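Enquirer: Data file query23.cif (mmCIF, C-alpha atoms and all ligand atoms) is appended below.
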data_protein
loop_
_atom_site.label_atom_id
_atom_site.label_comp_id
_atom_site.auth_asym_id
_atom_site.auth_seq_id
_atom_site.Cartn_x
_atom_site.Cartn_y
_atom_site.Cartn_z
CA MET T 1 50.07 -29.44 63.66
CA THR T 2 51.63 -32.84 64.36
CA GLU T 3 49.68 -36.03 64.67
CA PRO T 4 50.40 -39.00 66.91
CA ARG T 5 52.27 -41.90 65.35
CA VAL T 6 49.89 -44.25 63.54
CA ALA T 7 50.00 -47.90 64.61
CA PRO T 8 48.37 -49.91 61.81
CA SER T 9 47.31 -53.53 62.20
CA ARG T 10 49.00 -54.37 58.91
CA THR T 11 51.97 -52.85 57.14
CA ARG T 12 51.18 -51.06 53.91
CA VAL T 13 53.35 -51.98 50.93
CA LYS T 14 54.61 -49.60 48.26
CA LEU T 15 56.43 -50.97 45.23
CA CYS T 16 58.58 -48.32 43.55
CA GLY T 17 60.14 -47.86 40.14
CA LEU T 18 57.51 -49.54 37.97
CA THR T 19 58.09 -49.08 34.25
CA ARG T 20 56.08 -51.85 32.54
CA PRO T 21 52.33 -52.62 32.32
CA GLU T 22 52.87 -56.25 33.29
CA ASP T 23 54.67 -55.16 36.46
CA VAL T 24 51.80 -52.86 37.40
CA ASP T 25 49.39 -55.76 36.94
CA ALA T 26 51.60 -58.14 38.94
CA ALA T 27 51.93 -55.63 41.79
CA VAL T 28 48.17 -55.06 41.96
CA ALA T 29 47.47 -58.79 41.79
CA ALA T 30 49.92 -59.46 44.63
CA GLY T 31 48.18 -56.91 46.87
CA ALA T 32 50.39 -53.82 46.76
CA ASP T 33 48.85 -50.77 48.42
CA ALA T 34 50.81 -48.21 46.43
CA LEU T 35 52.78 -48.10 43.18
CA GLY T 36 55.67 -45.69 42.61
CA PHE T 37 56.61 -44.16 39.27
CA VAL T 38 60.01 -42.46 38.94
CA LEU T 39 59.75 -39.21 36.96
CA TRP T 40 63.32 -38.17 37.65
CA PRO T 41 65.23 -38.57 34.36
CA GLY T 42 68.50 -39.46 36.10
CA SER T 43 67.12 -42.82 37.24
CA LYS T 44 67.50 -46.16 35.50
CA ARG T 45 63.82 -46.57 36.33
CA ALA T 46 62.70 -43.23 34.87
CA ILE T 47 59.53 -43.02 32.80
CA ASP T 48 58.23 -40.05 30.83
CA GLU T 49 54.84 -38.36 31.09
CA ALA T 50 53.26 -40.42 28.31
CA ARG T 51 54.27 -43.69 29.94
CA LEU T 52 53.10 -42.42 33.30
CA ALA T 53 49.66 -41.72 31.82
CA ALA T 54 49.48 -45.21 30.33
CA LEU T 55 50.66 -47.03 33.46
CA ALA T 56 48.56 -44.94 35.85
CA ALA T 57 45.43 -45.69 33.81
CA ARG T 58 45.84 -49.42 34.59
CA VAL T 59 45.76 -48.90 38.35
CA PRO T 60 42.39 -49.71 39.95
CA ALA T 61 40.65 -47.74 42.67
CA PHE T 62 42.11 -48.00 46.19
CA VAL T 63 45.66 -48.55 44.97
CA THR T 64 47.65 -45.33 45.40
CA ARG T 65 49.60 -43.97 42.44
CA VAL T 66 52.75 -42.24 43.66
CA GLY T 67 55.02 -40.06 41.51
CA LEU T 68 58.65 -39.70 42.53
CA PHE T 69 60.50 -36.44 41.84
CA VAL T 70 63.96 -35.12 42.77
CA ASP T 71 64.20 -31.30 42.96
CA GLN T 72 62.19 -30.88 39.76
CA ASP T 73 60.25 -28.18 37.96
CA PRO T 74 56.89 -27.50 39.69
CA GLU T 75 55.11 -27.25 36.35
CA LEU T 76 56.28 -30.74 35.35
CA ILE T 77 55.22 -32.07 38.75
CA ARG T 78 51.77 -30.49 38.42
CA ARG T 79 51.28 -31.95 34.94
CA CYS T 80 52.27 -35.42 36.13
CA ALA T 81 50.05 -35.03 39.18
CA GLU T 82 47.00 -35.29 36.90
CA HIS T 83 47.77 -39.02 36.82
CA LEU T 84 48.80 -39.40 40.48
CA ASP T 85 47.28 -39.61 43.94
CA LEU T 86 50.41 -38.69 45.89
CA LEU T 87 53.81 -37.06 45.31
CA GLN T 88 57.05 -38.54 46.68
CA LEU T 89 59.56 -35.69 46.94
CA HIS T 90 62.94 -37.37 47.10
CA GLY T 91 65.39 -34.46 46.85
CA ASP T 92 66.17 -31.42 48.99
CA GLU T 93 62.71 -29.88 48.52
CA SER T 94 61.89 -27.38 51.27
CA PRO T 95 58.64 -27.65 53.24
CA ASP T 96 57.43 -24.48 51.48
CA PHE T 97 58.18 -25.93 48.04
CA CYS T 98 56.34 -29.15 48.89
CA ALA T 99 53.28 -27.26 50.12
CA MET T 100 53.28 -24.89 47.14
CA LEU T 101 52.63 -27.84 44.78
CA GLY T 102 49.12 -28.09 46.19
CA ARG T 103 48.98 -31.90 46.18
CA PRO T 104 49.27 -34.50 48.95
CA TRP T 105 52.90 -35.51 49.39
CA ILE T 106 55.34 -37.67 51.31
CA LYS T 107 58.87 -36.45 51.98
CA ALA T 108 61.82 -38.77 51.51
CA LEU T 109 64.72 -38.28 53.89
CA ARG T 110 68.06 -39.94 53.32
CA MET T 111 69.58 -41.09 56.60
CA ARG T 112 72.87 -39.25 56.52
CA ASP T 113 74.83 -38.95 59.77
CA GLY T 114 73.52 -36.43 62.27
CA LEU T 115 70.00 -36.18 60.84
CA ASP T 116 67.55 -34.91 63.48
CA LEU T 117 64.40 -36.82 62.57
CA HIS T 118 62.24 -35.17 65.23
CA ALA T 119 63.16 -31.71 63.93
CA LEU T 120 62.58 -32.78 60.32
CA ALA T 121 59.22 -34.32 61.19
CA GLY T 122 58.24 -30.95 62.65
CA ALA T 123 59.56 -29.02 59.67
CA HIS T 124 57.77 -31.33 57.22
CA ASP T 125 54.56 -31.23 59.19
CA GLY T 126 52.49 -30.98 56.01
CA ALA T 127 53.79 -34.29 54.62
CA ARG T 128 51.44 -37.29 54.87
CA ALA T 129 54.41 -39.45 55.94
CA LEU T 130 58.20 -39.53 55.97
CA LEU T 131 59.94 -42.07 53.76
CA LEU T 132 63.29 -42.99 55.32
CA ASP T 133 65.90 -44.22 52.87
CA ALA T 134 69.61 -45.08 52.92
CA TYR T 135 72.14 -42.29 52.34
CA ARG T 136 74.82 -42.62 49.69
CA PRO T 137 76.55 -39.37 48.66
CA GLY T 138 75.52 -38.20 45.21
CA VAL T 139 72.75 -40.77 44.80
CA PRO T 140 69.23 -39.50 45.56
CA GLY T 141 67.67 -42.94 46.10
CA GLY T 142 67.08 -46.45 44.88
CA THR T 143 70.50 -47.52 46.21
CA GLY T 144 69.42 -51.01 47.28
CA GLU T 145 71.22 -50.37 50.58
CA THR T 146 69.86 -50.66 54.11
CA PHE T 147 70.66 -48.28 56.98
CA ASP T 148 70.80 -48.69 60.73
CA TRP T 149 67.10 -49.09 61.61
CA SER T 150 67.80 -48.42 65.30
CA ARG T 151 68.24 -44.75 64.35
CA ILE T 152 64.47 -44.43 63.80
CA PRO T 153 62.80 -43.07 66.94
CA ALA T 154 59.72 -45.01 68.09
CA ASN T 155 57.78 -41.81 68.79
CA LEU T 156 58.25 -39.90 65.56
CA ALA T 157 55.37 -37.48 64.94
CA LYS T 158 54.79 -38.64 61.35
CA PRO T 159 54.00 -42.10 59.91
CA VAL T 160 57.19 -43.83 58.77
CA ILE T 161 57.63 -45.51 55.40
CA LEU T 162 60.73 -47.67 55.68
CA ALA T 163 62.82 -47.93 52.49
CA GLY T 164 66.30 -48.90 51.44
CA GLY T 165 67.54 -52.37 50.60
CA LEU T 166 64.43 -54.25 51.69
CA THR T 167 63.95 -57.77 50.32
CA ALA T 168 61.81 -60.82 51.08
CA ASP T 169 64.68 -61.96 53.32
CA ASN T 170 64.89 -58.93 55.62
CA VAL T 171 61.51 -57.20 55.53
CA ALA T 172 59.87 -59.29 58.29
CA GLU T 173 62.73 -58.46 60.65
CA ALA T 174 62.52 -54.80 59.62
CA ILE T 175 58.81 -54.72 60.48
CA ALA T 176 59.39 -56.41 63.85
CA ARG T 177 62.11 -53.91 64.74
CA VAL T 178 60.79 -50.64 63.31
CA ARG T 179 57.02 -51.16 63.20
CA PRO T 180 56.69 -48.77 60.25
CA PHE T 181 53.40 -47.60 58.80
CA ALA T 182 54.57 -48.89 55.41
CA VAL T 183 57.52 -50.44 53.63
CA ASP T 184 58.86 -49.42 50.23
CA VAL T 185 60.85 -51.64 47.89
CA SER T 186 62.33 -51.29 44.46
CA GLY T 187 65.56 -53.21 43.80
CA GLY T 188 64.54 -56.07 46.07
CA VAL T 189 61.77 -57.15 43.70
CA GLU T 190 63.63 -56.65 40.44
CA ALA T 191 65.21 -58.93 37.85
CA SER T 192 67.18 -55.89 36.59
CA PRO T 193 66.77 -52.11 37.13
CA GLY T 194 63.22 -51.14 36.16
CA VAL T 195 62.18 -54.72 35.40
CA LYS T 196 60.19 -56.23 38.25
CA ASP T 197 59.83 -59.94 38.86
CA ALA T 198 56.33 -61.22 39.68
CA GLY T 199 57.70 -64.03 41.86
CA ARG T 200 59.82 -61.62 43.89
CA ILE T 201 56.90 -59.23 44.29
CA ALA T 202 54.70 -62.04 45.64
CA ALA T 203 57.48 -63.30 47.94
CA PHE T 204 58.06 -59.79 49.28
CA ILE T 205 54.39 -59.24 50.12
CA GLU T 206 54.16 -62.68 51.75
CA ALA T 207 57.19 -61.78 53.88
CA VAL T 208 55.51 -58.51 54.90
CA ARG T 209 52.51 -60.52 56.09
CA ARG T 210 54.82 -62.79 58.13
CA GLY T 211 56.34 -59.65 59.61
CA ASP T 212 52.87 -58.44 60.54
CA GLU T 213 52.46 -61.46 62.80
CA SER T 214 54.96 -59.72 65.11
CA ARG T 215 52.63 -56.74 65.51
CA PRO T 216 50.66 -56.66 68.75
CA ALA T 217 47.12 -58.11 68.47
CA ARG T 218 44.44 -55.39 68.54
O1 LIG I 301 64.82 -45.80 41.99
C1 LIG I 301 65.52 -44.86 41.65
O2 LIG I 301 66.28 -44.94 40.68
C2 LIG I 301 65.49 -43.57 42.41
C3 LIG I 301 66.19 -42.50 41.93
C4 LIG I 301 66.17 -41.31 42.62
C5 LIG I 301 65.48 -41.17 43.78
C6 LIG I 301 64.78 -42.26 44.28
C7 LIG I 301 64.79 -43.45 43.60
N1 LIG I 301 64.14 -44.54 44.10
C8 LIG I 301 63.43 -44.53 45.29
C9 LIG I 301 62.89 -45.85 45.60
O3 LIG I 301 62.72 -46.67 44.75
C10 LIG I 301 62.53 -46.19 46.94
O4 LIG I 301 61.75 -45.18 47.48
C11 LIG I 301 63.71 -46.48 47.82
O5 LIG I 301 64.80 -45.69 47.47
C12 LIG I 301 64.03 -47.92 47.92
O6 LIG I 301 64.80 -48.39 46.87
P1 LIG I 301 65.55 -49.79 47.06
O7 LIG I 301 66.65 -49.61 48.04
O8 LIG I 301 66.05 -50.14 45.70
O9 LIG I 301 64.53 -50.78 47.52
#
Since I need it in another form, could you write the structure as structure tokens?
Ligand SMILES: O=C(O)c1ccccc1NCC(=O)[C@H](O)[C@H](O)COP(=O)(O)O
Expert:
Amino acid sequence: MTEPRVAPSRTRVKLCGLTRPEDVDAAVAAGADALGFVLWPGSKRAIDEARLAALAARVPAFVTRVGLFVDQDPELIRRCAEHLDLLQLHGDESPDFCAMLGRPWIKALRMRDGLDLHALAGAHDGARALLLDAYRPGVPGGTGETFDWSRIPANLAKPVILAGGLTADNVAEAIARVRPFAVDVSGGVEASPGVKDAGRIAAFIEAVRRGDESRPAR
């Protein structure tokens, strides 16, 4: 079952890699739609289950709490999911593995050469969206690097979350060119890895709104 591509009137914003209560509060205050928590211990932005519980409890209704995992133990994922609305599966998880978790998920795909996005959208039919991120060998994500946005087909069968190297300086252009369902940023709103900057968060979301002016009027 594939669905037609969604064309929203405004671009949703996910901020990823939050580790501190004050950053959660700043993101919510600035108008973020979704907050990402990295549960993969290899990340500089990793948090543990206790911190996840504390940060997730601060998030008000209608802001989506997203947990990021990279090829991890299903039992750990299920425990963390008690504090989450959505899973972000950022490794080589198979469609069957993703579905077996029994929770809503998005699938991250790293844009290595030769990737067939139409085929992957079909294979990951159960995902709520595809998050497209830059490819760097050996690094599962959070690279701070962009990729060639022209590689994203306009008629992909799943909603696209554009990630990888987005900042307040390039996100409006990215929205005009890709017209994604959502954008995802981590390094572009940080003072240092895992430490967000309230001013950069606000500037990023303002730039997204400028980018939205390029969307066709409805
Ligand atoms: O942030 C990490 O350290 C990380 C580690 C492993 C997998 C994914 C990771 N981050 C994912 C994200 O933060 C975003 O979804 C995306 O990669 C954008 O990051 P950035 O290029 O820094 O904006």
Enquirer: Taking all listed atoms of stretch 66-85 of chain T, build the axis-aligned box, pad each of the six sides by 3 Å, then write its centre and edge lengths in Å to one decimal as JSON.
Expert:
{"center_x": 55.6, "center_y": -34.7, "center_z": 39.4, "size_x": 23.2, "size_y": 21.0, "size_z": 15.0}
Enquirer: Please, which residues in chain T fall within 6 Å of ligand LIG 301 (chain I) when counting only C-alpha atoms and all ligand atoms, and what is the closest atom pair and distance in Å to one decimal for each, ordered by chain then residue number, as a tab-separated table?
Expert:
residue	atom	partner	partner_atom	distance
T:Cys16	CA	I:LIG301	O3	4.6
T:Gly17	CA	I:LIG301	O3	5.4
T:Ser43	CA	I:LIG301	O2	4.1
T:Lys44	CA	I:LIG301	O2	5.5
T:Arg45	CA	I:LIG301	O2	5.3
T:His90	CA	I:LIG301	C5	5.6
T:Asp133	CA	I:LIG301	O5	5.7
T:Pro140	CA	I:LIG301	C5	4.5
T:Gly141	CA	I:LIG301	C6	3.5
T:Gly142	CA	I:LIG301	O5	3.5
T:Thr143	CA	I:LIG301	O7	4.7
T:Gly144	CA	I:LIG301	O7	3.2
T:Glu145	CA	I:LIG301	O7	5.3
T:Ala163	CA	I:LIG301	C12	4.7
T:Gly164	CA	I:LIG301	O7	3.5
T:Gly165	CA	I:LIG301	O7	3.9
T:Leu166	CA	I:LIG301	O9	5.4
T:Asp184	CA	I:LIG301	O4	5.8
T:Val185	CA	I:LIG301	O9	3.8
T:Ser186	CA	I:LIG301	O9	3.8
T:Gly187	CA	I:LIG301	O8	3.6
T:Gly188	CA	I:LIG301	O9	5.5
Enquirer: When distances are computed from all atoms listed in the file, which of T:Val70, T:Met100, T:Leu117, T:Glu206 shows the smallest separation from T:Pro41?
Expert: T:Val70
Enquirer: Just want the 10 Å neighbourhood of T:Val139, counted on only C-alpha atoms, with same-chain residues fewer than 5 positions away dropped. Output as a PyMOL selection string.
Expert: chain T and resi 42-43+91+110+134
Enquirer: Report the distance between atom CA of T:Asp148 and atom CA of T:Phe181 in Å, rounded to one decimal place.
Expert: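 About the pair atom CA of T:Asp148 and atom CA of T:Phe181: they are 17.5 Å apart.
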Enquirer: Counting only C-alpha atoms, which of T:Val189, T:Leu132, T:Ala50, T:Ala198 gets nearest to T:Lys107?
Expert: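 Of T:Val189, T:Leu132, T:Ala50, T:Ala198, the one nearest T:Lys107, counting only C-alpha atoms, is T:Leu132.
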Enquirer: Can you measure atom CA of T:Ala99 to atom CA of T:Arg78 for me? One decimal in Å is fine.
Expert: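 So the answer is 12.2 Å.
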Enquirer: Show which residues sit within 12 Å of T:Asp92, as a PyMOL selection string. Count all atoms listed in the file, and ignore same-chain residues fewer than 2 positions away.
Expert: chain T and resi 69-72+88-90+94-98+107-110+120+124+140-141
Enquirer: Rounded to one decimal, what separation in Å do you get between atom CA of T:Arg210 and atom CA of T:Asp169?
Expert: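 Here the two named atoms are 11.0 Å from each other.
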Enquirer: With distances taken over all atoms listed in the file, which residue among T:Leu86, T:Arg65, T:Ala26, T:Pro104 lies nearest T:Ala127?
Expert: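 Counting all atoms listed in the file, the residue closest to T:Ala127 is T:Pro104.
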Enquirer: Can you work out which one of T:Ala176, T:Val171, T:Ile106, T:Ile152 has the shortest atom-to-atom distance to T:Val208, counting all atoms listed in the file?
Expert: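 Nearest candidate to T:Val208 out of T:Ala176, T:Val171, T:Ile106, T:Ile152: T:Val171.
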Enquirer: Which of these, T:Ala54, T:Val66, T:Ala203, T:Leu131, has the shortest distance to T:Ala182 once you count all atoms listed in the file?
Expert: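 Going through T:Ala54, T:Val66, T:Ala203, T:Leu131 one by one, the smallest distance to T:Ala182 is for T:Leu131.
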Enquirer: Scan for residues within 12 Å of the point (40.8, -50.0, 43.2) in the coordinates of the file, using only C-alpha atoms, and reply as a list in words.
Expert: Val28, Ala29, Gly31, Ala32, Asp33, Ala34, Ala56, Ala57, Arg58, Val59, Pro60, Ala61, Phe62, Val63, Thr64 and Arg65 of chain T
Enquirer: List the residues sitting within 9 Å of (58.7, -40.6, 66.7) in the file's frame, using only C-alpha atoms, as a ChimeraX atom specification.
Expert: /T:4-5,117-118,121,152-160
Enquirer: With all atoms listed in the file as the atoms that count, which of T:Val13, T:Leu39, T:Val24, T:Ala168 lies nearest to T:Val183?
Expert: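 With all atoms listed in the file as the atom set, the closest residue is T:Val13.
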Enquirer: Complete the atoms of stretch 63-80 of chain T to N, CA and C atoms and put them out as a PDB file, in the frame of the given file.
Expert:
ATOM      1  N   VAL T  63      44.204 -48.356  45.022  1.00  0.00           N
ATOM      2  CA  VAL T  63      45.660 -48.550  44.970  1.00  0.00           C
ATOM      3  C   VAL T  63      46.245 -47.174  44.644  1.00  0.00           C
ATOM      4  N   THR T  64      47.162 -46.709  45.480  1.00  0.00           N
ATOM      5  CA  THR T  64      47.650 -45.330  45.400  1.00  0.00           C
ATOM      6  C   THR T  64      48.760 -45.207  44.360  1.00  0.00           C
ATOM      7  N   ARG T  65      48.589 -44.235  43.474  1.00  0.00           N
ATOM      8  CA  ARG T  65      49.600 -43.970  42.440  1.00  0.00           C
ATOM      9  C   ARG T  65      50.506 -42.841  42.936  1.00  0.00           C
ATOM     10  N   VAL T  66      51.788 -43.167  43.064  1.00  0.00           N
ATOM     11  CA  VAL T  66      52.750 -42.240  43.660  1.00  0.00           C
ATOM     12  C   VAL T  66      53.781 -41.845  42.597  1.00  0.00           C
ATOM     13  N   GLY T  67      54.006 -40.548  42.448  1.00  0.00           N
ATOM     14  CA  GLY T  67      55.020 -40.060  41.510  1.00  0.00           C
ATOM     15  C   GLY T  67      56.231 -39.570  42.266  1.00  0.00           C
ATOM     16  N   LEU T  68      57.400 -40.034  41.834  1.00  0.00           N
ATOM     17  CA  LEU T  68      58.650 -39.700  42.530  1.00  0.00           C
ATOM     18  C   LEU T  68      59.420 -38.636  41.743  1.00  0.00           C
ATOM     19  N   PHE T  69      59.798 -37.573  42.449  1.00  0.00           N
ATOM     20  CA  PHE T  69      60.500 -36.440  41.840  1.00  0.00           C
ATOM     21  C   PHE T  69      61.716 -36.082  42.697  1.00  0.00           C
ATOM     22  N   VAL T  70      62.748 -35.559  42.048  1.00  0.00           N
ATOM     23  CA  VAL T  70      63.960 -35.120  42.770  1.00  0.00           C
ATOM     24  C   VAL T  70      64.250 -33.678  42.347  1.00  0.00           C
ATOM     25  N   ASP T  71      63.881 -32.724  43.185  1.00  0.00           N
ATOM     26  CA  ASP T  71      64.200 -31.300  42.960  1.00  0.00           C
ATOM     27  C   ASP T  71      63.826 -30.868  41.538  1.00  0.00           C
ATOM     28  N   GLN T  72      62.584 -31.130  41.159  1.00  0.00           N
ATOM     29  CA  GLN T  72      62.190 -30.880  39.760  1.00  0.00           C
ATOM     30  C   GLN T  72      61.252 -29.685  39.615  1.00  0.00           C
ATOM     31  N   ASP T  73      61.059 -29.328  38.346  1.00  0.00           N
ATOM     32  CA  ASP T  73      60.250 -28.180  37.960  1.00  0.00           C
ATOM     33  C   ASP T  73      58.793 -28.347  38.446  1.00  0.00           C
ATOM     34  N   PRO T  74      58.268 -27.375  39.192  1.00  0.00           N
ATOM     35  CA  PRO T  74      56.890 -27.500  39.690  1.00  0.00           C
ATOM     36  C   PRO T  74      55.861 -27.695  38.585  1.00  0.00           C
ATOM     37  N   GLU T  75      56.093 -27.099  37.432  1.00  0.00           N
ATOM     38  CA  GLU T  75      55.110 -27.250  36.350  1.00  0.00           C
ATOM     39  C   GLU T  75      55.057 -28.693  35.854  1.00  0.00           C
ATOM     40  N   LEU T  76      56.239 -29.322  35.732  1.00  0.00           N
ATOM     41  CA  LEU T  76      56.280 -30.740  35.350  1.00  0.00           C
ATOM     42  C   LEU T  76      55.555 -31.584  36.404  1.00  0.00           C
ATOM     43  N   ILE T  77      55.837 -31.287  37.662  1.00  0.00           N
ATOM     44  CA  ILE T  77      55.220 -32.070  38.750  1.00  0.00           C
ATOM     45  C   ILE T  77      53.701 -31.926  38.685  1.00  0.00           C
ATOM     46  N   ARG T  78      53.235 -30.705  38.461  1.00  0.00           N
ATOM     47  CA  ARG T  78      51.770 -30.490  38.420  1.00  0.00           C
ATOM     48  C   ARG T  78      51.139 -31.226  37.234  1.00  0.00           C
ATOM     49  N   ARG T  79      51.836 -31.225  36.104  1.00  0.00           N
ATOM     50  CA  ARG T  79      51.280 -31.950  34.940  1.00  0.00           C
ATOM     51  C   ARG T  79      51.184 -33.446  35.256  1.00  0.00           C
ATOM     52  N   CYS T  80      52.262 -33.985  35.798  1.00  0.00           N
ATOM     53  CA  CYS T  80      52.270 -35.420  36.130  1.00  0.00           C
ATOM     54  C   CYS T  80      51.206 -35.741  37.176  1.00  0.00           C
TER      55      CYS T  80
END
